[in-house]
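Taking it in order: structure first as structure tokens, then the write-up.
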Amino acid sequence: MFNHKDIIIVGGGAAGFFAAINIAEQHPELSVALLERGKEGLQKVKISGGGRCNVTHAEFIPSELVLNYPRGEKELLGPFHSFMTGDTIAWFEERGVELKIEEDGRMFPVSNSSQTIIDCFLHEAEKHKVEVLYNHSVKSIEALEHGFKIETSQGGFQSEKLLITTGSNPKIWNLLEDLGHTIIQPVPSLFTFDIKDKRIKDIPGVVAQNVEIKVVGTDLESNGPLLITHVGMSAPAILKLSAFGAVELAKLNYNFKIEINFIQLDFETCLNQLKDYKQEFAKKTVVKLTQFNLPKRLWKQLVLASDIEDFKRWADLNKQQLEALANQLTSAVFQVTGKSTFKDEFVTAGGVDLKEVNFKTFESKRIPNLYFAGEVINVDAVTGGFNFQNAWTGAYIASVSIMLH
């Protein structure tokens, strides 16, 4: 026996709940079921932003917002004109959840707890009679002449419309491939770099505020704060590189060199500045006189790496040492030997090929009445609330268009 619903949504994460609530609210006469394989949903919402849930980012110009999506930049421009940050904020506020903007632009619930978002979703889903079915793992999807047949671990379902919001779930990608979709093979995005190097070995926790980084032998570059960790390097400068270079760095098997300019000056300018310091601070010890607004511990390590002993005074420096120090400051090379997941926020690049999705409706171009939202398609973003904004936008547009067709 097949359980019949008007609309079935597979995947009880951010996009799934958002779409289900919007459909059920606009069309109370329809039966909407949400199938979630876990014993509870919204797991990514729960852990996002260190348990505070980074709901979106305070960027209100669509053409600026799309720049945060290594995959999806071109495709999301239209959708963001229909539903973006301001709409997200209004949606939550209308349902009693106030958001606040932090200094770096990230937006969180005022309560500082992801539970606020989860409670809002569960309350709205119940209020609008969305049937949320946990422990329902989808085994197969069959496209019928009118609608779909879905087999799950707890029985079969039939529906006219189907929305897939399963994020980076390889099992569902395989089922979509069987239906005729092209899946771009997933590779990790948003990861930190593993680096073993004596210059950074003893200074975890040090942050260099504004560095420029290049991946040697590629066009990949980024800038921003850099954090030295126990295993290597992290923070926005690295995470941006990992997102925009997701495919390229996977091909390099996460073994490559990076070149870092710690002070955003070129070699010559830096060298001239060091020569001035040699005159100006002649009697001072180089290691102890930190320059260029660098953290003290980082400055010390770069000085020592330039073959300048820790008792050397500025006056004692020869031409080679000044050049070596200018090199360390403007083009220090580090060998990356691997990657680590960034916090718990595991994001992958990959998914349903963007060419096979109609971004006016988020409907499949291959299979009528099949819709997608969130990371199940080949869209991903840098850290800061952008992945969620993609989920809200896609889910909202899908929820509107699923009813018009």
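Ligands are numbered from 1 in the order shown, chains are lettered A, B, ... in the order of the structure tokens, and residues start at 1 in each chain.
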Expected answer as an MDAnalysis selection string: alpha helix (DSSP H) residues in segment 110-255 of chain A:
chainID A and resid 114:127 170:178 236:244 246:251
Could you give me, as a ChimeraX atom specification, the residues within 10 Å of Thr85 of chain A, counting only C-alpha atoms and dropping anything in the same chain fewer than 6 positions from it?
/A:55-62,65,91,107,386,389-390,392-393
Within 12 Å of segment 360-383 of chain A: each segment 84-141 of chain A residue with its shortest pair, only C-alpha atoms, as CSV:
residue,atom,partner,partner_atom,distance
A:Asp104,CA,A:Thr383,CA,11.3
A:Gly105,CA,A:Thr383,CA,11.2
A:Arg106,CA,A:Thr383,CA,9.3
A:Met107,CA,A:Thr383,CA,12.0
A:Ile141,CA,A:Leu370,CA,10.9
Shell around segment 267-273 of chain A at 12 Å using only C-alpha atoms, local window under 2 positions removed, as a PyMOL selection string
chain A and resi 261-265+275-281+291-292+319-332
Residues from last step as file, N, CA and C atoms, as a PDB file, in the first residue's frame:
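out-v4.pdb was written with the following content:
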ATOM      1  N   ASN A 261      52.076  36.595   2.149  1.00  0.00           N
ATOM      2  CA  ASN A 261      52.581  37.937   2.390  1.00  0.00           C
ATOM      3  C   ASN A 261      51.910  38.416   3.684  1.00  0.00           C
ATOM      4  N   PHE A 262      52.688  38.481   4.756  1.00  0.00           N
ATOM      5  CA  PHE A 262      52.116  38.807   6.069  1.00  0.00           C
ATOM      6  C   PHE A 262      51.838  40.291   6.249  1.00  0.00           C
ATOM      7  N   ILE A 263      52.436  41.129   5.389  1.00  0.00           N
ATOM      8  CA  ILE A 263      52.348  42.577   5.663  1.00  0.00           C
ATOM      9  C   ILE A 263      51.762  43.385   4.499  1.00  0.00           C
ATOM     10  N   GLN A 264      51.358  42.722   3.437  1.00  0.00           N
ATOM     11  CA  GLN A 264      50.748  43.384   2.273  1.00  0.00           C
ATOM     12  C   GLN A 264      51.619  44.503   1.686  1.00  0.00           C
ATOM     13  N   LEU A 265      52.928  44.278   1.717  1.00  0.00           N
ATOM     14  CA  LEU A 265      53.847  45.192   1.027  1.00  0.00           C
ATOM     15  C   LEU A 265      54.672  44.342   0.075  1.00  0.00           C
ATOM     16  N   LYS A 275      65.748  48.677   6.019  1.00  0.00           N
ATOM     17  CA  LYS A 275      67.007  49.457   6.018  1.00  0.00           C
ATOM     18  C   LYS A 275      66.844  50.713   6.880  1.00  0.00           C
ATOM     19  N   ASP A 276      65.641  51.320   6.793  1.00  0.00           N
ATOM     20  CA  ASP A 276      65.368  52.494   7.650  1.00  0.00           C
ATOM     21  C   ASP A 276      65.413  52.097   9.128  1.00  0.00           C
ATOM     22  N   TYR A 277      64.800  50.940   9.442  1.00  0.00           N
ATOM     23  CA  TYR A 277      64.792  50.476  10.842  1.00  0.00           C
ATOM     24  C   TYR A 277      66.225  50.253  11.334  1.00  0.00           C
ATOM     25  N   LYS A 278      67.071  49.763  10.424  1.00  0.00           N
ATOM     26  CA  LYS A 278      68.476  49.486  10.785  1.00  0.00           C
ATOM     27  C   LYS A 278      69.160  50.765  11.278  1.00  0.00           C
ATOM     28  N   GLN A 279      68.842  51.886  10.605  1.00  0.00           N
ATOM     29  CA  GLN A 279      69.390  53.180  11.044  1.00  0.00           C
ATOM     30  C   GLN A 279      68.704  53.637  12.336  1.00  0.00           C
ATOM     31  N   GLU A 280      67.372  53.581  12.286  1.00  0.00           N
ATOM     32  CA  GLU A 280      66.557  54.173  13.347  1.00  0.00           C
ATOM     33  C   GLU A 280      66.695  53.455  14.692  1.00  0.00           C
ATOM     34  N   PHE A 281      66.738  52.117  14.635  1.00  0.00           N
ATOM     35  CA  PHE A 281      66.746  51.323  15.879  1.00  0.00           C
ATOM     36  C   PHE A 281      68.073  50.598  16.076  1.00  0.00           C
ATOM     37  N   GLN A 291      57.668  44.757  14.314  1.00  0.00           N
ATOM     38  CA  GLN A 291      57.283  45.788  13.337  1.00  0.00           C
ATOM     39  C   GLN A 291      56.063  45.344  12.519  1.00  0.00           C
ATOM     40  N   PHE A 292      55.556  46.269  11.704  1.00  0.00           N
ATOM     41  CA  PHE A 292      54.459  46.017  10.754  1.00  0.00           C
ATOM     42  C   PHE A 292      53.178  45.506  11.433  1.00  0.00           C
ATOM     43  N   LYS A 319      73.380  42.510   4.598  1.00  0.00           N
ATOM     44  CA  LYS A 319      72.474  42.589   3.443  1.00  0.00           C
ATOM     45  C   LYS A 319      71.640  41.306   3.306  1.00  0.00           C
ATOM     46  N   GLN A 320      72.308  40.132   3.421  1.00  0.00           N
ATOM     47  CA  GLN A 320      71.593  38.851   3.268  1.00  0.00           C
ATOM     48  C   GLN A 320      70.481  38.696   4.296  1.00  0.00           C
ATOM     49  N   GLN A 321      70.789  39.091   5.537  1.00  0.00           N
ATOM     50  CA  GLN A 321      69.785  38.931   6.604  1.00  0.00           C
ATOM     51  C   GLN A 321      68.586  39.848   6.381  1.00  0.00           C
ATOM     52  N   LEU A 322      68.856  41.072   5.944  1.00  0.00           N
ATOM     53  CA  LEU A 322      67.749  42.002   5.659  1.00  0.00           C
ATOM     54  C   LEU A 322      66.876  41.455   4.527  1.00  0.00           C
ATOM     55  N   GLU A 323      67.546  40.906   3.488  1.00  0.00           N
ATOM     56  CA  GLU A 323      66.779  40.348   2.361  1.00  0.00           C
ATOM     57  C   GLU A 323      65.997  39.111   2.784  1.00  0.00           C
ATOM     58  N   ALA A 324      66.629  38.281   3.615  1.00  0.00           N
ATOM     59  CA  ALA A 324      65.950  37.060   4.091  1.00  0.00           C
ATOM     60  C   ALA A 324      64.707  37.427   4.900  1.00  0.00           C
ATOM     61  N   LEU A 325      64.834  38.472   5.736  1.00  0.00           N
ATOM     62  CA  LEU A 325      63.690  38.898   6.553  1.00  0.00           C
ATOM     63  C   LEU A 325      62.588  39.484   5.661  1.00  0.00           C
ATOM     64  N   ALA A 326      62.970  40.280   4.668  1.00  0.00           N
ATOM     65  CA  ALA A 326      61.980  40.841   3.734  1.00  0.00           C
ATOM     66  C   ALA A 326      61.244  39.709   3.009  1.00  0.00           C
ATOM     67  N   ASN A 327      61.990  38.649   2.685  1.00  0.00           N
ATOM     68  CA  ASN A 327      61.375  37.477   2.044  1.00  0.00           C
ATOM     69  C   ASN A 327      60.374  36.781   2.948  1.00  0.00           C
ATOM     70  N   GLN A 328      60.767  36.566   4.199  1.00  0.00           N
ATOM     71  CA  GLN A 328      59.864  35.904   5.155  1.00  0.00           C
ATOM     72  C   GLN A 328      58.592  36.726   5.353  1.00  0.00           C
ATOM     73  N   LEU A 329      58.721  38.045   5.341  1.00  0.00           N
ATOM     74  CA  LEU A 329      57.563  38.906   5.596  1.00  0.00           C
ATOM     75  C   LEU A 329      56.630  38.998   4.394  1.00  0.00           C
ATOM     76  N   THR A 330      57.207  38.958   3.178  1.00  0.00           N
ATOM     77  CA  THR A 330      56.374  39.220   1.995  1.00  0.00           C
ATOM     78  C   THR A 330      56.096  37.996   1.137  1.00  0.00           C
ATOM     79  N   SER A 331      56.890  36.930   1.292  1.00  0.00           N
ATOM     80  CA  SER A 331      56.637  35.750   0.448  1.00  0.00           C
ATOM     81  C   SER A 331      57.114  34.462   1.122  1.00  0.00           C
ATOM     82  N   ALA A 332      56.664  34.242   2.352  1.00  0.00           N
ATOM     83  CA  ALA A 332      57.043  33.023   3.080  1.00  0.00           C
ATOM     84  C   ALA A 332      56.325  31.824   2.469  1.00  0.00           C
TER      85      ALA A 332
END
Taken to one decimal, the atom CA of Lys127 of chain A-atom CA of Val97 of chain A distance is 16.0 Å
Residue nearest Pro170 of chain A - candidates A:Gly147, A:Gly51, A:Pro186, A:Pro295, atoms counted: only C-alpha atoms:
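The closest residue to Pro170 of chain A is A:Pro186.
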Using atom CA of Phe17 of chain A and atom CA of Val352 of chain A as the two end points, give the distance in Å to one decimal.
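Interatomic distance, atom CA of Phe17 of chain A to atom CA of Val352 of chain A: 20.2 Å.
Each of A:Phe92, A:Phe346, A:Phe108, A:Phe334 was checked against Lys198 of chain A using only C-alpha atoms; the smallest atom-to-atom distance is that of A:Phe334.
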Find, counting only C-alpha atoms, the residue in A:Val211, A:Val206, A:Val216, A:Val10 that gets nearest to Lys139 of chain A.
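Closest candidate: A:Val10.
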Of the candidates A:Ala125, A:Lys100, A:Phe256, A:Gly350, which shows the shortest atom-to-atom distance to Thr218 of chain A, using only C-alpha atoms?
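Of A:Ala125, A:Lys100, A:Phe256, A:Gly350, the one nearest Thr218 of chain A, counting only C-alpha atoms, is A:Phe256.
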Using atom CA of Ser234 of chain A and atom CA of Glu103 of chain A as the two end points, give the distance in Å to one decimal.
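So the answer is 19.4 Å.
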Could I get the residues of segment 144-194 of chain A with an atom no further than 12 Å from an atom of segment 223-232 of chain A, each paired with its nearest atom pair and that distance in Å to one decimal, using only C-alpha atoms, sorted by chain and residue number, as CSV?
residue,atom,partner,partner_atom,distance
A:Phe191,CA,A:Gly232,CA,11.3
A:Thr192,CA,A:Gly232,CA,7.6
A:Phe193,CA,A:Gly232,CA,5.7
A:Asp194,CA,A:Gly232,CA,4.5
Neighbours of Ala282 of chain A within 7 Å (only C-alpha atoms; same-chain residues fewer than 4 positions away dropped), as an mmCIF file with N, CA and C atoms, in the first residue's frame?
data_model
loop_
_atom_site.group_PDB
_atom_site.id
_atom_site.type_symbol
_atom_site.label_atom_id
_atom_site.label_comp_id
_atom_site.auth_asym_id
_atom_site.auth_seq_id
_atom_site.Cartn_x
_atom_site.Cartn_y
_atom_site.Cartn_z
ATOM 1 N N LYS A 278 67.071 49.763 10.424
ATOM 2 C CA LYS A 278 68.476 49.486 10.785
ATOM 3 C C LYS A 278 69.160 50.765 11.278
ATOM 4 N N ARG A 313 71.329 42.829 17.127
ATOM 5 C CA ARG A 313 70.733 44.163 17.099
ATOM 6 C C ARG A 313 70.541 44.583 15.642
ATOM 7 N N TRP A 314 69.691 45.576 15.426
ATOM 8 C CA TRP A 314 69.422 46.038 14.045
ATOM 9 C C TRP A 314 70.721 46.435 13.336
ATOM 10 N N ALA A 315 71.624 47.104 14.060
ATOM 11 C CA ALA A 315 72.873 47.581 13.439
ATOM 12 C C ALA A 315 73.724 46.428 12.903
#
Between A:Lys196, A:Lys149, A:Lys129, A:Arg71, which residue has the minimum interatomic distance to Met1 of chain A, considering only C-alpha atoms?
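Once distances to Met1 of chain A are computed over only C-alpha atoms, the minimum belongs to A:Lys149.
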Could you pull the residues within 10 Å of Leu122 of chain A, counting only C-alpha atoms, minus those fewer than 2 positions along the same chain, as a ChimeraX atom specification?
/A:17,21,41-42,117-120,124-127,130,132
Looking only at strand (DSSP E) from DSSP on the backbone, list the matching residues of segment 44-246 of chain A as a VMD selection string.
chain A and resid 56 to 57 99 to 101 106 to 109 131 to 133 138 to 144 147 to 152 155 to 164 183 to 189 191 to 194 207 to 215 221 to 228 232 to 234
Create the file for the chosen residues now, containing C-alpha atoms and written as an mmCIF file, in the first residue's frame.
data_model
loop_
_atom_site.group_PDB
_atom_site.id
_atom_site.type_symbol
_atom_site.label_atom_id
_atom_site.label_comp_id
_atom_site.auth_asym_id
_atom_site.auth_seq_id
_atom_site.Cartn_x
_atom_site.Cartn_y
_atom_site.Cartn_z
ATOM 1 C CA THR A 56 22.436 34.474 7.163
ATOM 2 C CA HIS A 57 24.862 37.308 6.381
ATOM 3 C CA LEU A 99 18.125 38.279 14.428
ATOM 4 C CA LYS A 100 21.164 40.457 15.161
ATOM 5 C CA ILE A 101 24.171 41.442 13.063
ATOM 6 C CA ARG A 106 27.241 37.220 10.350
ATOM 7 C CA MET A 107 23.664 37.112 11.637
ATOM 8 C CA PHE A 108 22.432 35.083 14.605
ATOM 9 C CA PRO A 109 19.259 34.810 16.642
ATOM 10 C CA GLU A 131 3.642 15.579 8.602
ATOM 11 C CA VAL A 132 7.250 15.134 9.749
ATOM 12 C CA LEU A 133 8.293 11.482 9.500
ATOM 13 C CA VAL A 138 14.596 6.665 1.194
ATOM 14 C CA LYS A 139 15.498 3.460 -0.672
ATOM 15 C CA SER A 140 14.247 4.227 -4.178
ATOM 16 C CA ILE A 141 12.553 6.949 -6.230
ATOM 17 C CA GLU A 142 10.548 6.159 -9.345
ATOM 18 C CA ALA A 143 9.255 8.835 -11.719
ATOM 19 C CA LEU A 144 5.737 7.942 -12.883
ATOM 20 C CA GLY A 147 4.186 12.012 -9.968
ATOM 21 C CA PHE A 148 6.531 9.779 -8.014
ATOM 22 C CA LYS A 149 6.738 6.543 -6.073
ATOM 23 C CA ILE A 150 9.092 6.603 -3.100
ATOM 24 C CA GLU A 151 10.120 3.509 -1.154
ATOM 25 C CA THR A 152 11.426 4.131 2.364
ATOM 26 C CA GLY A 155 6.892 1.800 3.641
ATOM 27 C CA GLY A 156 5.999 3.391 0.327
ATOM 28 C CA PHE A 157 4.688 6.837 -0.619
ATOM 29 C CA GLN A 158 3.227 8.372 -3.722
ATOM 30 C CA SER A 159 3.060 12.086 -4.565
ATOM 31 C CA GLU A 160 2.420 14.486 -7.432
ATOM 32 C CA LYS A 161 5.389 16.699 -6.576
ATOM 33 C CA LEU A 162 8.756 15.859 -5.036
ATOM 34 C CA LEU A 163 11.296 18.228 -3.474
ATOM 35 C CA ILE A 164 14.775 16.937 -2.613
ATOM 36 C CA ILE A 183 25.999 14.515 -10.425
ATOM 37 C CA ILE A 184 29.190 16.533 -10.092
ATOM 38 C CA GLN A 185 31.425 14.383 -7.873
ATOM 39 C CA PRO A 186 31.645 15.843 -4.383
ATOM 40 C CA VAL A 187 34.898 17.153 -2.974
ATOM 41 C CA PRO A 188 35.362 18.796 0.438
ATOM 42 C CA SER A 189 35.062 22.570 0.648
ATOM 43 C CA PHE A 191 38.639 23.000 5.362
ATOM 44 C CA THR A 192 41.780 24.080 7.201
ATOM 45 C CA PHE A 193 45.340 23.371 6.045
ATOM 46 C CA ASP A 194 47.654 20.877 7.783
ATOM 47 C CA VAL A 207 46.295 35.620 14.432
ATOM 48 C CA ALA A 208 47.830 37.705 11.649
ATOM 49 C CA GLN A 209 45.139 40.243 10.820
ATOM 50 C CA ASN A 210 45.467 40.866 7.117
ATOM 51 C CA VAL A 211 47.556 38.543 4.986
ATOM 52 C CA GLU A 212 47.646 37.732 1.287
ATOM 53 C CA ILE A 213 47.937 34.049 0.345
ATOM 54 C CA LYS A 214 48.629 32.397 -2.998
ATOM 55 C CA VAL A 215 48.634 28.703 -3.854
ATOM 56 C CA GLU A 221 44.630 33.613 -3.984
ATOM 57 C CA SER A 222 42.811 35.181 -1.047
ATOM 58 C CA ASN A 223 43.296 37.622 1.777
ATOM 59 C CA GLY A 224 42.022 38.252 5.291
ATOM 60 C CA PRO A 225 42.822 37.093 8.822
ATOM 61 C CA LEU A 226 45.008 34.003 9.287
ATOM 62 C CA LEU A 227 44.943 31.823 12.416
ATOM 63 C CA ILE A 228 47.825 29.540 13.337
ATOM 64 C CA GLY A 232 48.490 24.248 10.663
ATOM 65 C CA MET A 233 46.467 27.256 9.530
ATOM 66 C CA SER A 234 42.810 28.335 9.516
#
